[in-house]
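Have a look at run.tsv; it's TSV, C-alpha atoms:
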chain	number	residue	atom	x	y	z
A	279	MET	CA	-12.38	22.60	9.15
A	280	ASN	CA	-15.35	20.33	8.48
A	281	ILE	CA	-15.54	16.90	6.86
A	282	THR	CA	-16.19	17.55	3.17
A	283	GLN	CA	-17.76	15.30	0.57
A	284	ASN	CA	-14.36	15.17	-1.11
A	285	GLN	CA	-12.83	13.78	2.07
A	286	LYS	CA	-15.63	11.24	2.38
A	287	ASP	CA	-14.96	10.16	-1.21
A	288	ARG	CA	-11.25	9.79	-0.52
A	289	ALA	CA	-12.04	7.69	2.56
A	290	LYS	CA	-14.29	5.45	0.47
A	291	LYS	CA	-11.55	5.08	-2.15
A	292	PHE	CA	-9.02	4.18	0.54
A	293	GLN	CA	-11.36	1.54	2.01
A	294	GLU	CA	-11.85	0.06	-1.46
A	295	MET	CA	-8.09	-0.19	-1.98
A	296	HIS	CA	-7.94	-2.55	1.00
A	297	ARG	CA	-10.62	-4.80	-0.50
A	298	GLN	CA	-9.28	-5.07	-4.05
A	299	ASP	CA	-7.69	-8.29	-5.27
A	300	LYS	CA	-4.23	-6.83	-5.78
A	301	LEU	CA	-2.07	-5.42	-2.99
A	302	PHE	CA	-0.88	-1.82	-3.08
A	303	VAL	CA	2.38	-0.23	-2.01
A	304	LEU	CA	1.87	2.68	0.38
A	305	PRO	CA	4.81	5.14	0.47
A	306	ASN	CA	5.41	6.87	3.80
A	307	ILE	CA	6.23	10.56	3.53
A	308	TRP	CA	6.96	13.36	5.99
A	309	ASP	CA	6.18	16.60	4.17
A	310	ALA	CA	3.90	18.16	1.59
A	311	GLY	CA	6.62	18.49	-1.02
A	312	GLY	CA	7.36	14.77	-1.09
A	313	ALA	CA	3.66	13.94	-1.03
A	314	LYS	CA	3.07	16.11	-4.08
A	315	ILE	CA	5.79	14.31	-6.04
A	316	PHE	CA	4.31	10.88	-5.29
A	317	GLU	CA	0.88	12.08	-6.35
A	318	LYS	CA	2.27	13.48	-9.61
A	319	LYS	CA	3.96	10.12	-10.25
A	320	GLY	CA	0.62	8.34	-10.09
A	321	PHE	CA	0.46	6.87	-6.59
A	322	GLN	CA	-3.13	6.45	-5.41
A	323	ALA	CA	-2.61	6.92	-1.65
A	324	LEU	CA	0.05	7.92	0.87
A	325	ALA	CA	0.81	7.62	4.56
A	326	THR	CA	2.99	9.58	6.92
A	327	THR	CA	5.96	8.15	8.81
A	328	SER	CA	6.20	9.14	12.46
A	329	ALA	CA	9.97	8.64	12.32
A	330	GLY	CA	10.34	10.73	9.17
A	331	ILE	CA	8.33	13.63	10.61
A	332	ALA	CA	10.21	13.41	13.91
A	333	PHE	CA	13.64	13.35	12.23
A	334	ALA	CA	12.73	16.24	9.91
A	335	ASN	CA	11.83	18.31	12.96
A	336	GLY	CA	14.83	17.37	15.07
A	337	PHE	CA	13.18	14.79	17.33
A	338	ALA	CA	13.79	11.10	17.96
A	339	ASP	CA	10.99	8.71	16.98
A	340	GLY	CA	8.82	7.01	19.57
A	341	GLY	CA	6.41	9.59	20.91
A	342	GLU	CA	8.81	12.53	21.34
A	343	LEU	CA	7.29	14.57	18.51
A	344	PRO	CA	4.78	17.13	19.84
A	345	PHE	CA	1.25	16.42	18.61
A	346	SER	CA	0.97	20.02	17.40
A	347	ILE	CA	3.76	19.45	14.88
A	348	LEU	CA	2.12	16.26	13.60
A	349	LEU	CA	-1.18	18.10	13.22
A	350	ASP	CA	0.45	20.98	11.34
A	351	THR	CA	2.21	18.49	9.05
A	352	VAL	CA	-1.07	16.71	8.28
A	353	ARG	CA	-2.75	20.00	7.39
A	354	ARG	CA	0.12	21.02	5.13
A	355	ILE	CA	0.08	17.69	3.28
A	356	THR	CA	-3.69	17.38	2.84
A	357	SER	CA	-3.84	20.95	1.52
A	358	LYS	CA	-1.51	19.98	-1.34
A	359	ILE	CA	-2.77	16.58	-2.50
A	360	ASP	CA	-6.06	15.09	-3.67
A	361	ILE	CA	-5.34	11.44	-2.86
A	362	PRO	CA	-6.01	9.61	0.44
A	363	LEU	CA	-3.59	10.25	3.30
A	364	SER	CA	-3.22	7.92	6.28
A	365	ILE	CA	-1.50	9.06	9.47
A	366	ASP	CA	1.02	7.27	11.66
A	367	PHE	CA	-0.81	8.03	14.91
A	368	GLU	CA	1.58	5.95	17.05
A	369	ARG	CA	-0.24	5.21	20.33
A	370	GLY	CA	-2.72	8.08	19.90
A	371	TYR	CA	-0.38	10.63	21.49
A	372	SER	CA	-1.90	9.77	24.85
A	373	GLU	CA	-2.99	6.84	26.99
A	374	ASP	CA	-6.09	8.72	28.11
A	375	ILE	CA	-9.14	7.67	26.07
A	376	GLN	CA	-10.73	11.13	26.04
A	377	GLU	CA	-7.49	12.68	24.80
A	378	ILE	CA	-7.15	9.99	22.12
A	379	TYR	CA	-10.71	10.77	21.04
A	380	GLU	CA	-9.91	14.49	20.76
A	381	ASN	CA	-6.59	13.86	18.98
A	382	THR	CA	-8.24	11.52	16.47
A	383	LYS	CA	-10.95	14.06	15.77
A	384	LYS	CA	-8.33	16.77	15.13
A	385	ILE	CA	-6.46	14.47	12.74
A	386	LEU	CA	-9.63	13.71	10.78
A	387	LEU	CA	-10.72	17.34	10.69
A	388	SER	CA	-7.30	18.10	9.19
A	389	GLY	CA	-8.13	16.01	6.13
A	390	ALA	CA	-6.78	12.52	6.88
A	391	VAL	CA	-8.78	9.45	5.85
A	392	GLY	CA	-6.85	6.78	7.70
A	393	LEU	CA	-4.66	6.28	10.74
A	394	ASN	CA	-2.44	3.71	12.42
A	395	VAL	CA	-2.74	3.03	16.13
A	396	GLU	CA	-0.17	0.70	17.66
A	397	ASP	CA	0.13	-1.53	20.71
A	398	GLY	CA	3.91	-1.25	21.07
A	399	LEU	CA	5.29	0.43	24.20
A	400	PRO	CA	8.79	1.72	25.02
A	401	LYS	CA	11.46	-0.72	26.21
A	402	LYS	CA	10.21	-3.56	24.00
A	403	ARG	CA	6.86	-3.88	25.76
A	404	ILE	CA	3.31	-4.18	24.46
A	405	SER	CA	-0.09	-2.84	25.54
A	406	ASP	CA	-2.57	-5.23	27.10
A	407	LEU	CA	-5.53	-6.23	24.96
A	408	GLN	CA	-8.08	-4.26	26.95
A	409	ALA	CA	-6.16	-1.02	26.39
A	410	MET	CA	-6.17	-1.61	22.62
A	411	LYS	CA	-9.85	-2.55	22.67
A	412	ASN	CA	-10.63	0.75	24.35
A	413	LYS	CA	-8.56	2.70	21.83
A	414	ILE	CA	-9.94	1.01	18.72
A	415	GLU	CA	-13.55	1.30	19.85
A	416	CYS	CA	-13.03	4.95	20.81
A	417	ILE	CA	-11.51	5.78	17.42
A	418	ASN	CA	-14.16	3.76	15.60
A	419	SER	CA	-16.94	5.79	17.25
A	420	LEU	CA	-15.84	8.83	15.26
A	421	LYS	CA	-16.85	7.19	11.99
A	422	LYS	CA	-20.51	7.60	12.85
A	423	GLU	CA	-20.10	10.93	14.61
A	424	LEU	CA	-18.25	12.60	11.72
A	425	GLY	CA	-19.91	10.63	8.94
A	426	VAL	CA	-16.68	9.49	7.33
A	427	ASP	CA	-15.62	5.85	6.87
A	428	PHE	CA	-11.89	6.35	7.45
A	429	VAL	CA	-9.51	3.38	7.62
A	430	ILE	CA	-8.40	2.21	11.06
A	431	ASN	CA	-5.12	0.35	10.65
A	432	SER	CA	-4.31	-1.25	14.00
A	433	ARG	CA	-0.70	-2.22	14.46
A	434	THR	CA	0.62	-5.04	16.58
A	435	ASP	CA	4.28	-4.96	17.60
A	436	ILE	CA	4.54	-8.62	18.62
A	437	TYR	CA	7.35	-9.08	16.08
A	438	TRP	CA	8.69	-5.51	16.09
A	439	ASN	CA	9.29	-5.57	19.85
A	440	GLU	CA	10.19	-9.29	19.87
A	441	ILE	CA	7.59	-10.11	22.48
A	442	GLY	CA	8.03	-13.57	24.03
A	443	ASP	CA	10.06	-16.34	22.44
A	444	SER	CA	10.12	-16.90	18.68
A	445	LYS	CA	7.69	-19.84	18.81
A	446	SER	CA	5.03	-17.90	20.70
A	447	ARG	CA	4.92	-14.87	18.40
A	448	LEU	CA	2.85	-16.26	15.56
A	449	PRO	CA	-0.08	-17.49	17.69
A	450	ALA	CA	0.10	-14.29	19.74
A	451	ALA	CA	0.00	-12.20	16.56
A	452	ILE	CA	-2.96	-14.17	15.18
A	453	LYS	CA	-4.86	-13.59	18.41
A	454	ARG	CA	-4.11	-9.87	18.41
A	455	VAL	CA	-4.88	-9.36	14.72
A	456	ASN	CA	-8.27	-11.07	14.91
A	457	SER	CA	-9.12	-9.29	18.15
A	458	TYR	CA	-8.39	-5.95	16.52
A	459	PHE	CA	-10.62	-6.80	13.58
A	460	SER	CA	-13.43	-7.78	15.93
A	461	TRP	CA	-13.18	-4.41	17.70
A	462	GLY	CA	-13.45	-2.35	14.52
A	463	ALA	CA	-10.08	-2.29	12.75
A	464	ASP	CA	-10.30	-2.21	8.95
A	465	CYS	CA	-6.74	-3.47	8.43
A	466	VAL	CA	-4.00	-4.72	10.75
A	467	PHE	CA	-0.30	-3.90	10.43
A	468	VAL	CA	2.28	-6.51	11.48
A	469	PRO	CA	5.78	-5.01	11.12
A	470	GLY	CA	8.97	-6.66	12.25
A	471	ASN	CA	11.07	-9.75	11.71
A	472	ILE	CA	8.31	-12.12	10.63
A	473	SER	CA	9.47	-14.88	8.29
A	474	PHE	CA	7.88	-15.58	4.93
A	475	ASN	CA	6.55	-18.93	6.16
A	476	GLU	CA	5.03	-17.32	9.25
A	477	LEU	CA	3.45	-14.64	7.10
A	478	LYS	CA	2.01	-17.35	4.88
A	479	ILE	CA	0.25	-18.87	7.89
A	480	LEU	CA	-0.79	-15.49	9.24
A	481	THR	CA	-2.56	-14.46	6.02
A	482	LYS	CA	-4.64	-17.66	6.15
A	483	GLU	CA	-5.61	-17.27	9.81
A	484	VAL	CA	-6.65	-13.62	9.98
A	485	ASN	CA	-10.10	-12.19	9.32
A	486	GLY	CA	-9.29	-9.12	7.28
A	487	PRO	CA	-6.73	-7.15	5.21
A	488	LEU	CA	-3.11	-7.47	6.31
A	489	ASN	CA	-0.46	-4.75	6.11
A	490	ILE	CA	3.25	-5.58	6.30
A	491	LEU	CA	6.43	-3.52	6.38
A	492	LEU	CA	8.85	-3.78	3.47
A	493	ASN	CA	12.17	-5.31	4.46
A	494	LYS	CA	15.00	-7.31	2.91
A	495	ASP	CA	13.11	-10.60	3.32
A	496	LEU	CA	9.66	-9.28	2.41
A	497	LYS	CA	10.20	-7.26	-0.75
A	498	ASN	CA	8.95	-9.49	-3.57
A	499	ILE	CA	5.63	-7.86	-4.36
A	500	ASP	CA	4.40	-10.70	-6.55
A	501	GLN	CA	5.00	-13.24	-3.78
A	502	LEU	CA	3.36	-11.04	-1.17
A	503	ASN	CA	0.39	-10.51	-3.44
A	504	ALA	CA	0.06	-14.27	-3.95
A	505	LEU	CA	-0.03	-14.74	-0.16
A	506	GLY	CA	-2.93	-12.33	0.14
A	507	VAL	CA	-1.16	-9.36	1.72
A	508	LYS	CA	-3.17	-6.23	0.91
A	509	ARG	CA	-0.89	-3.35	1.86
A	510	VAL	CA	2.88	-2.91	1.91
A	511	SER	CA	4.28	0.08	3.81
A	512	LEU	CA	7.74	1.57	3.28
A	513	GLY	CA	7.98	2.85	6.86
A	514	SER	CA	10.83	5.27	7.54
A	515	SER	CA	13.05	3.82	4.79
A	516	LEU	CA	12.59	6.78	2.42
A	517	SER	CA	13.41	9.23	5.19
A	518	ARG	CA	16.50	7.31	6.23
A	519	ASN	CA	17.55	6.90	2.59
A	520	SER	CA	17.37	10.68	2.16
A	521	MET	CA	19.42	11.16	5.32
A	522	SER	CA	21.99	8.66	4.08
A	523	ASN	CA	22.48	10.74	0.94
A	524	LEU	CA	22.69	13.89	3.05
A	525	PHE	CA	25.43	12.38	5.23
A	526	LYS	CA	27.41	11.43	2.11
A	527	GLU	CA	27.20	14.96	0.75
A	528	ILE	CA	28.09	16.48	4.12
A	529	GLU	CA	31.28	14.40	4.20
A	530	LYS	CA	32.22	15.62	0.73
A	531	ILE	CA	31.37	19.25	1.47
A	532	GLY	CA	33.61	19.05	4.54
A	533	LYS	CA	36.44	18.12	2.18
A	534	ASN	CA	35.56	20.90	-0.29
A	535	ASP	CA	34.41	18.28	-2.80
A	536	PHE	CA	31.33	19.68	-4.55
A	537	ASP	CA	31.30	17.59	-7.74
A	538	SER	CA	28.42	15.22	-6.91
A	539	LEU	CA	26.45	18.05	-5.28
A	540	LEU	CA	26.60	20.00	-8.53
A	541	SER	CA	26.24	17.08	-10.95
A	542	ASN	CA	23.63	14.90	-9.16
A	543	THR	CA	21.17	17.69	-8.36
A	544	LEU	CA	17.84	18.35	-10.05
A	545	PRO	CA	17.67	21.63	-11.98
A	546	TYR	CA	16.00	24.50	-10.10
A	547	GLU	CA	13.52	25.09	-12.94
A	548	PHE	CA	12.39	21.45	-12.89
A	549	VAL	CA	11.78	21.40	-9.15
A	550	ASN	CA	10.11	24.79	-9.10
A	551	HIS	CA	7.78	23.71	-11.90
A	552	LEU	CA	6.65	20.73	-9.80
A	553	TYR	CA	5.13	23.08	-7.27
A	554	GLU	CA	3.74	25.79	-9.51
A	555	VAL	CA	0.06	26.39	-8.85
A	556	ARG	CA	-2.02	25.93	-11.97
A	557	LYS	CA	-5.37	27.57	-12.53
A	558	ASP	CA	-7.10	24.49	-11.10
A	559	ASN	CA	-4.95	24.92	-7.94
A	560	LYS	CA	-3.33	21.51	-8.36

If you took the structure in this file and wrote it as C-alpha cells, what would it be?
Amino acid sequence: MNITQNQKDRAKKFQEMHRQDKLFVLPNIWDAGGAKIFEKKGFQALATTSAGIAFANGFADGGELPFSILLDTVRRITSKIDIPLSIDFERGYSEDIQEIYENTKKILLSGAVGLNVEDGLPKKRISDLQAMKNKIECINSLKKELGVDFVINSRTDIYWNEIGDSKSRLPAAIKRVNSYFSWGADCVFVPGNISFNELKILTKEVNGPLNILLNKDLKNIDQLNALGVKRVSLGSSLSRNSMSNLFKEIEKIGKNDFDSLLSNTLPYEFVNHLYEVRKDNK
C-alpha cells in the first residue's frame, strides 16, 4: 500500500483539528465496526485504544499484543472509514530505533494519519529523555520520506505512572512536554491524575496543543476548552464500558434470565443496514 492523496488530505485535516480554536473529543475504538458507527454519527476523527484492541483479542494491555494484530486492526479500520485515524502505538512495539522506524512505516502505509508514542515503562517507570528524543526524531523523519504530515502525539506518563512525589510532577511534566515539542511532536498527551489547577498551569506553560484523558475530574468540556486543551481522549473507557455490559448479561444468562438481552438489543435489520455497502462503497 502506498501513501495516497486521500491519506495526505486526511493527515492535513487532522493537523488542522489540533490548531483550531475549539477542542475536539477523540473517541478511542478497537474495531472497524465501532469506527464505522462513530463516522456515521458525525465524528470527524478517531483513535485506537491499545487496551481495547488487546482485550478484544484476549491479551492484557501494556505491550502484550502482537504488533501483527495491531497492524491488521489498523488495516481493517482504515479500509472502512474516510475520516482520520490515529493509532495508540504504545512505546513503538520495540526499544530498537530501526524497528520503531519500520513499525511506524508499516502503520502509516496501512492508512493511519496519526500515532501516539509514550514514555511510560512497566512497573511505574518512565523512559529517559534521550530515549524519547531518539524515538520522536526517528518517527518524525518519516514525514519527509513518505510525504505525509501525520500527527505525532507524544505521551508523557509522569502522572499516569505517578513518577516522583506529587509536587515534582508538574514541573517534570512541563519539561517533558516542551522537550517533546522541540523534537518534533505535534501534540502532547498527559494522561493520569492531574488536577484541574495543575492542568490550568500546564496549558499556559507548554508550547503546543495539549491532549488529556477524560476522567471523573476532567470531564467538563466547556471548562477544558476555556483552559486551552485541544484534544480529549476517551482512552479504554468505551471498551471497558462494553465489557461491563457483557459481564452483566453473562450473569443473567447464567441464571436463565434473558429479558434484558431480548429487550435491550438493537434489531438485526438496523445493525445490518449500518454495514451495507452502497454503490459509493461507503

When you draw a straight line from CA of Ala390 (chain A) to CA of Ser517 (chain A), how long is it in Å?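 Atom-to-atom, CA of Ala390 (chain A) to CA of Ser517 (chain A), that is 20.5 Å.
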
Nearest-residue call for Lys314 (chain A), choices A:Arg369, A:Arg509, A:Lys422, A:Arg354, using all atoms listed in the file: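 Closest to Lys314 (chain A), using all atoms listed in the file: A:Arg354.
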
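Using all atoms listed in the file, the smallest distance between any of A:Val303, A:Ile315, A:Leu387, A:Leu512 and Lys494 (chain A) comes from A:Leu512.
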
Leaving out Asn523 (chain A) and any residue of its chain fewer than 4 positions from it, which residues lie within 12 Å of it when counting all atoms listed in the file, given as an NGL selection string? :A and (516-519 or 527-530 or 538-539 or 542-543)

When you look at region 339-349 of chain A with a cut-off of 9 Å (counting only C-alpha atoms), what residues show up, excluding the ones that are within fewer than 2 positions of it in the same chain? I need them as a list in words.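 Final neighbour list, sorted by chain and number: Ser328, Ala329, Gly330, Ile331, Ala332, Phe333, Asn335, Gly336, Phe337, Thr351, Val352, Arg353, Arg354, Phe367, Glu368, Arg369, Tyr371, Asn381, Lys384, Ile385, Ser388, Leu399 and Pro400 of chain A.
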
Which residues come within 12 Å of Lys300 (chain A), counting only C-alpha atoms, excluding same-chain residues fewer than 5 positions away, as a JSON list (two decimals) with C-alpha atoms, keeping the file's coordinate frame?
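Contents of around23.json, freshly written:
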[["chain", "number", "residue", "atom", "x", "y", "z"],
["A", 294, "GLU", "CA", -11.85, 0.06, -1.46],
["A", 295, "MET", "CA", -8.09, -0.19, -1.98],
["A", 487, "PRO", "CA", -6.73, -7.15, 5.21],
["A", 499, "ILE", "CA", 5.63, -7.86, -4.36],
["A", 500, "ASP", "CA", 4.40, -10.70, -6.55],
["A", 501, "GLN", "CA", 5.00, -13.24, -3.78],
["A", 502, "LEU", "CA", 3.36, -11.04, -1.17],
["A", 503, "ASN", "CA", 0.39, -10.51, -3.44],
["A", 504, "ALA", "CA", 0.06, -14.27, -3.95],
["A", 505, "LEU", "CA", -0.03, -14.74, -0.16],
["A", 506, "GLY", "CA", -2.93, -12.33, 0.14],
["A", 507, "VAL", "CA", -1.16, -9.36, 1.72],
["A", 508, "LYS", "CA", -3.17, -6.23, 0.91],
["A", 509, "ARG", "CA", -0.89, -3.35, 1.86],
["A", 510, "VAL", "CA", 2.88, -2.91, 1.91]]

Do you have the CA of Val484 (chain A)-CA of Val455 (chain A) distance handy?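 Between these atoms lies a distance of 6.6 Å.
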
Please provide as an NGL selection string all residues within 8 Å of Asn394 (chain A), with the sequence filter that same-chain residues fewer than 3 positions apart are discarded (counting all atoms listed in the file). :A and (364-368 or 430-433)

My list of candidates is A:Phe321, A:Tyr546, A:Phe474, A:Tyr458. Which is closest to Asn498 (chain A) when distances are computed with only C-alpha atoms?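 Of the candidates, the smallest distance to Asn498 (chain A) is held by A:Phe474.
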
Restricted to all heavy atoms, what does region 347-358 of chain A look like when written out as a tab-separated table (two decimals), in the first residue's frame?
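Output below, filename part-v3.tsv:
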chain	number	residue	atom	x	y	z
A	347	ILE	N	-1.17	-8.12	15.04
A	347	ILE	CA	-2.61	-7.95	15.27
A	347	ILE	C	-2.98	-6.48	15.23
A	347	ILE	O	-4.02	-6.10	14.66
A	347	ILE	CB	-3.02	-8.58	16.62
A	347	ILE	CG1	-2.83	-10.09	16.57
A	347	ILE	CG2	-4.47	-8.23	16.96
A	347	ILE	CD1	-3.19	-10.80	17.87
A	348	LEU	N	-2.13	-5.61	15.81
A	348	LEU	CA	-2.39	-4.18	15.72
A	348	LEU	C	-2.44	-3.75	14.25
A	348	LEU	O	-3.34	-3.03	13.83
A	348	LEU	CB	-1.30	-3.39	16.45
A	348	LEU	CG	-1.36	-1.87	16.25
A	348	LEU	CD1	-2.63	-1.29	16.85
A	348	LEU	CD2	-0.13	-1.19	16.84
A	349	LEU	N	-1.46	-4.19	13.48
A	349	LEU	CA	-1.37	-3.80	12.08
A	349	LEU	C	-2.60	-4.26	11.30
A	349	LEU	O	-3.16	-3.50	10.50
A	349	LEU	CB	-0.09	-4.39	11.48
A	349	LEU	CG	0.48	-3.72	10.23
A	349	LEU	CD1	0.79	-2.25	10.51
A	349	LEU	CD2	1.75	-4.45	9.80
A	350	ASP	N	-3.03	-5.47	11.54
A	350	ASP	CA	-4.23	-5.99	10.87
A	350	ASP	C	-5.46	-5.19	11.26
A	350	ASP	O	-6.32	-4.89	10.42
A	350	ASP	CB	-4.42	-7.47	11.23
A	350	ASP	CG	-5.59	-8.09	10.49
A	350	ASP	OD1	-5.59	-8.09	9.25
A	350	ASP	OD2	-6.53	-8.58	11.16
A	351	THR	N	-5.54	-4.80	12.53
A	351	THR	CA	-6.67	-3.99	13.01
A	351	THR	C	-6.69	-2.63	12.33
A	351	THR	O	-7.75	-2.14	11.92
A	351	THR	CB	-6.60	-3.82	14.54
A	351	THR	OG1	-6.59	-5.11	15.16
A	351	THR	CG2	-7.77	-3.01	15.06
A	352	VAL	N	-5.52	-2.01	12.22
A	352	VAL	CA	-5.43	-0.70	11.56
A	352	VAL	C	-5.90	-0.80	10.11
A	352	VAL	O	-6.69	0.03	9.63
A	352	VAL	CB	-3.98	-0.17	11.61
A	352	VAL	CG1	-3.86	1.12	10.79
A	352	VAL	CG2	-3.55	0.08	13.04
A	353	ARG	N	-5.47	-1.82	9.41
A	353	ARG	CA	-5.87	-2.01	8.01
A	353	ARG	C	-7.37	-2.21	7.88
A	353	ARG	O	-8.00	-1.66	6.98
A	353	ARG	CB	-5.13	-3.20	7.42
A	353	ARG	CG	-3.64	-2.95	7.19
A	353	ARG	CD	-2.91	-4.24	6.88
A	353	ARG	NE	-1.48	-4.01	6.64
A	353	ARG	CZ	-0.55	-4.94	6.78
A	353	ARG	NH1	-0.89	-6.18	7.15
A	353	ARG	NH2	0.71	-4.65	6.53
A	354	ARG	N	-7.94	-2.99	8.78
A	354	ARG	CA	-9.38	-3.23	8.75
A	354	ARG	C	-10.16	-1.92	8.97
A	354	ARG	O	-11.15	-1.65	8.29
A	354	ARG	CB	-9.77	-4.26	9.81
A	354	ARG	CG	-9.30	-5.68	9.50
A	354	ARG	CD	-9.60	-6.61	10.68
A	354	ARG	NE	-9.10	-7.95	10.45
A	354	ARG	CZ	-9.79	-8.93	9.86
A	354	ARG	NH1	-11.02	-8.68	9.43
A	354	ARG	NH2	-9.27	-10.12	9.71
A	355	ILE	N	-9.70	-1.13	9.94
A	355	ILE	CA	-10.42	0.10	10.26
A	355	ILE	C	-10.29	1.12	9.13
A	355	ILE	O	-11.29	1.69	8.68
A	355	ILE	CB	-9.91	0.70	11.58
A	355	ILE	CG1	-10.22	-0.24	12.75
A	355	ILE	CG2	-10.56	2.08	11.83
A	355	ILE	CD1	-9.61	0.18	14.07
A	356	THR	N	-9.07	1.36	8.66
A	356	THR	CA	-8.88	2.38	7.62
A	356	THR	C	-9.56	2.00	6.31
A	356	THR	O	-9.88	2.88	5.50
A	356	THR	CB	-7.39	2.66	7.36
A	356	THR	OG1	-6.73	1.44	6.99
A	356	THR	CG2	-6.73	3.24	8.60
A	357	SER	N	-9.81	0.72	6.09
A	357	SER	CA	-10.49	0.30	4.86
A	357	SER	C	-11.99	0.59	4.92
A	357	SER	O	-12.67	0.53	3.89
A	357	SER	CB	-10.27	-1.20	4.62
A	357	SER	OG	-10.99	-1.99	5.54
A	358	LYS	N	-12.49	0.92	6.12
A	358	LYS	CA	-13.94	1.10	6.28
A	358	LYS	C	-14.35	2.53	6.59
A	358	LYS	O	-15.55	2.84	6.62
A	358	LYS	CB	-14.44	0.18	7.41
A	358	LYS	CG	-14.36	-1.30	7.10
A	358	LYS	CD	-15.26	-1.68	5.93
A	358	LYS	CE	-15.21	-3.18	5.67
A	358	LYS	NZ	-16.06	-3.54	4.52
